[in-house]
Amino acid sequence: KDYAGLETFENPGVTRVEMTSDELVALGPVNEQPDMYTITIEYAPDRLCLESKSLKLYLMRYRNEEVFCEALAVKIRDDVAEALSIDASAVRVELTQKARGGITITATAAN
């Protein structure tokens with residue numbers, strides 16, 4: 001089974017990183033239907049940066065998880081901060097749930 005953890009590499013000297021994907025899918029906990037998201041992760045790295053392939057695999061693991069958009073934003077923010085060994089206040093995660101039933105949700109986890 002593929003490892004779905006967040007991997008890092010030494011920061012080459014950048015002060016800000018932004019990563020965006022429209023391939024995040026999770027199940028809605030009320031109706032168990034797939035919710036599709038666009039996610040933007042922004043962080044101020046210290047010693048480490050996120051490796052993009054590991055992020056893709058990490059995001060894919062949510063496709064069978066039942067979770068509310070708001071809780072998912074916080075979970076991802078906290079996991080990214082832990083992987084990078086930085087405070088969660090240095091990470092901003094914005095999830096935009098693609099419209100279903102005529103409603104779009106945007107949840108931001110930032111301090």
# chains A, B, ... in the order shown; residues from 1 in each chain; ligands from 1
call {"tool": "residues_around", "arguments": {"residues": "range 72-88 of chain A", "least_positions_apart": "2", "cutoff": "8 Å", "atoms": "only C-alpha atoms", "output": "PyMOL selection string"}}
result
chain A and resi 6-8+41+45-50+67-70+90-95+107-111
call {"tool": "write_last_selection", "arguments": {"atoms": "C-alpha atoms", "output": "mmCIF file, in the first residue's frame"}}
result
data_model
loop_
_atom_site.group_PDB
_atom_site.id
_atom_site.type_symbol
_atom_site.label_atom_id
_atom_site.label_comp_id
_atom_site.auth_asym_id
_atom_site.auth_seq_id
_atom_site.Cartn_x
_atom_site.Cartn_y
_atom_site.Cartn_z
ATOM 1 C CA LEU A 6 3.524 14.109 4.174
ATOM 2 C CA GLU A 7 7.174 14.151 3.188
ATOM 3 C CA THR A 8 9.478 17.148 3.329
ATOM 4 C CA ILE A 41 -2.250 25.447 1.224
ATOM 5 C CA PRO A 45 8.515 27.535 5.816
ATOM 6 C CA ASP A 46 11.287 27.396 8.342
ATOM 7 C CA ARG A 47 13.717 24.530 7.737
ATOM 8 C CA LEU A 48 11.418 22.330 5.622
ATOM 9 C CA CYS A 49 9.142 22.426 2.562
ATOM 10 C CA LEU A 50 6.396 19.977 1.545
ATOM 11 C CA VAL A 67 -15.754 14.593 7.107
ATOM 12 C CA PHE A 68 -17.241 18.079 7.104
ATOM 13 C CA CYS A 69 -15.440 20.685 4.986
ATOM 14 C CA GLU A 70 -14.641 22.840 8.013
ATOM 15 C CA ALA A 90 2.249 29.763 9.924
ATOM 16 C CA VAL A 91 -0.093 27.623 7.768
ATOM 17 C CA ARG A 92 -3.244 28.692 5.951
ATOM 18 C CA VAL A 93 -5.569 26.129 4.352
ATOM 19 C CA GLU A 94 -8.519 27.162 2.229
ATOM 20 C CA LEU A 95 -10.987 24.541 1.006
ATOM 21 C CA ALA A 107 -13.655 27.046 4.817
ATOM 22 C CA THR A 108 -10.360 28.630 5.854
ATOM 23 C CA ALA A 109 -8.138 27.386 8.664
ATOM 24 C CA ALA A 110 -5.644 30.086 9.607
ATOM 25 C CA ASN A 111 -4.603 31.901 12.736
#
call {"tool": "select_by_dssp", "arguments": {"residues": "range 17-83 of chain A", "states": "helix (DSSP H, G or I)", "output": "PyMOL selection string"}}
result
chain A and resi 52-64+69-83
call {"tool": "residues_around", "arguments": {"residues": "range 24-31 of chain A", "least_positions_apart": "3", "cutoff": "6 Å", "atoms": "only C-alpha atoms", "output": "ChimeraX atom specification"}}
result
/A:34-37,59,62-63,65-67
call {"tool": "write_last_selection", "arguments": {"atoms": "all heavy atoms", "output": "compact mmCIF listing (two decimals), in the first residue's frame"}}
result
# COMPACT_ATOMS: atom_id res chain seq x y z
N PRO A 34 -19.92 11.99 -2.38
CA PRO A 34 -18.61 12.64 -2.55
C PRO A 34 -18.72 14.15 -2.66
O PRO A 34 -19.57 14.67 -3.38
CB PRO A 34 -18.06 12.03 -3.84
CG PRO A 34 -19.21 11.40 -4.52
CD PRO A 34 -20.28 11.15 -3.52
N ASP A 35 -17.88 14.84 -1.89
CA ASP A 35 -17.73 16.28 -1.98
C ASP A 35 -16.38 16.54 -2.64
O ASP A 35 -15.37 15.98 -2.23
CB ASP A 35 -17.75 16.93 -0.59
CG ASP A 35 -19.12 16.88 0.05
OD1 ASP A 35 -20.11 17.00 -0.68
OD2 ASP A 35 -19.18 16.73 1.28
N MET A 36 -16.38 17.37 -3.67
CA MET A 36 -15.15 17.69 -4.40
C MET A 36 -14.70 19.09 -4.01
O MET A 36 -15.52 20.00 -3.87
CB MET A 36 -15.38 17.57 -5.89
CG MET A 36 -15.64 16.13 -6.30
SD MET A 36 -16.25 15.98 -7.97
CE MET A 36 -18.00 16.17 -7.67
N TYR A 37 -13.39 19.22 -3.82
CA TYR A 37 -12.83 20.47 -3.31
C TYR A 37 -11.68 20.98 -4.17
O TYR A 37 -10.96 20.21 -4.79
CB TYR A 37 -12.24 20.24 -1.91
CG TYR A 37 -13.21 19.81 -0.87
CD1 TYR A 37 -13.38 18.46 -0.57
CD2 TYR A 37 -13.95 20.74 -0.15
CE1 TYR A 37 -14.28 18.06 0.40
CE2 TYR A 37 -14.84 20.35 0.83
CZ TYR A 37 -15.00 19.01 1.11
OH TYR A 37 -15.88 18.61 2.07
N LEU A 59 -3.62 13.76 0.14
CA LEU A 59 -4.96 14.25 -0.16
C LEU A 59 -5.86 13.13 -0.68
O LEU A 59 -7.06 13.09 -0.37
CB LEU A 59 -4.91 15.41 -1.15
CG LEU A 59 -4.22 16.68 -0.67
CD1 LEU A 59 -4.16 17.72 -1.79
CD2 LEU A 59 -4.91 17.26 0.57
N TYR A 62 -8.25 10.86 1.62
CA TYR A 62 -9.52 11.33 2.16
C TYR A 62 -10.73 10.90 1.31
O TYR A 62 -11.86 11.10 1.73
CB TYR A 62 -9.51 12.85 2.32
CG TYR A 62 -8.65 13.28 3.48
CD1 TYR A 62 -7.40 13.85 3.25
CD2 TYR A 62 -9.07 13.09 4.78
CE1 TYR A 62 -6.60 14.22 4.31
CE2 TYR A 62 -8.26 13.44 5.86
CZ TYR A 62 -7.03 14.01 5.61
OH TYR A 62 -6.23 14.36 6.66
N ARG A 63 -10.52 10.30 0.17
CA ARG A 63 -11.62 9.99 -0.74
C ARG A 63 -12.66 9.05 -0.15
O ARG A 63 -13.79 9.00 -0.63
CB ARG A 63 -11.09 9.46 -2.07
CG ARG A 63 -10.45 8.10 -1.98
CD ARG A 63 -9.98 7.64 -3.36
NE ARG A 63 -9.24 6.41 -3.21
CZ ARG A 63 -7.94 6.29 -3.30
NH1 ARG A 63 -7.21 7.36 -3.57
NH2 ARG A 63 -7.35 5.14 -3.14
N GLU A 65 -13.14 8.99 3.34
CA GLU A 65 -13.37 9.50 4.69
C GLU A 65 -14.62 10.37 4.73
O GLU A 65 -14.84 11.17 3.83
CB GLU A 65 -12.17 10.33 5.16
CG GLU A 65 -10.87 9.58 5.24
CD GLU A 65 -10.83 8.61 6.41
OE1 GLU A 65 -11.42 8.92 7.46
OE2 GLU A 65 -10.22 7.54 6.24
N GLU A 66 -15.42 10.21 5.76
CA GLU A 66 -16.58 11.06 5.98
C GLU A 66 -16.15 12.22 6.88
O GLU A 66 -15.76 12.00 8.03
CB GLU A 66 -17.71 10.28 6.63
CG GLU A 66 -18.27 9.19 5.75
CD GLU A 66 -19.37 8.40 6.41
OE1 GLU A 66 -19.96 8.87 7.41
OE2 GLU A 66 -19.64 7.29 5.93
N VAL A 67 -16.22 13.44 6.34
CA VAL A 67 -15.75 14.59 7.11
C VAL A 67 -16.40 15.87 6.58
O VAL A 67 -16.63 16.02 5.38
CB VAL A 67 -14.20 14.68 7.05
CG1 VAL A 67 -13.70 14.88 5.64
CG2 VAL A 67 -13.67 15.74 7.98
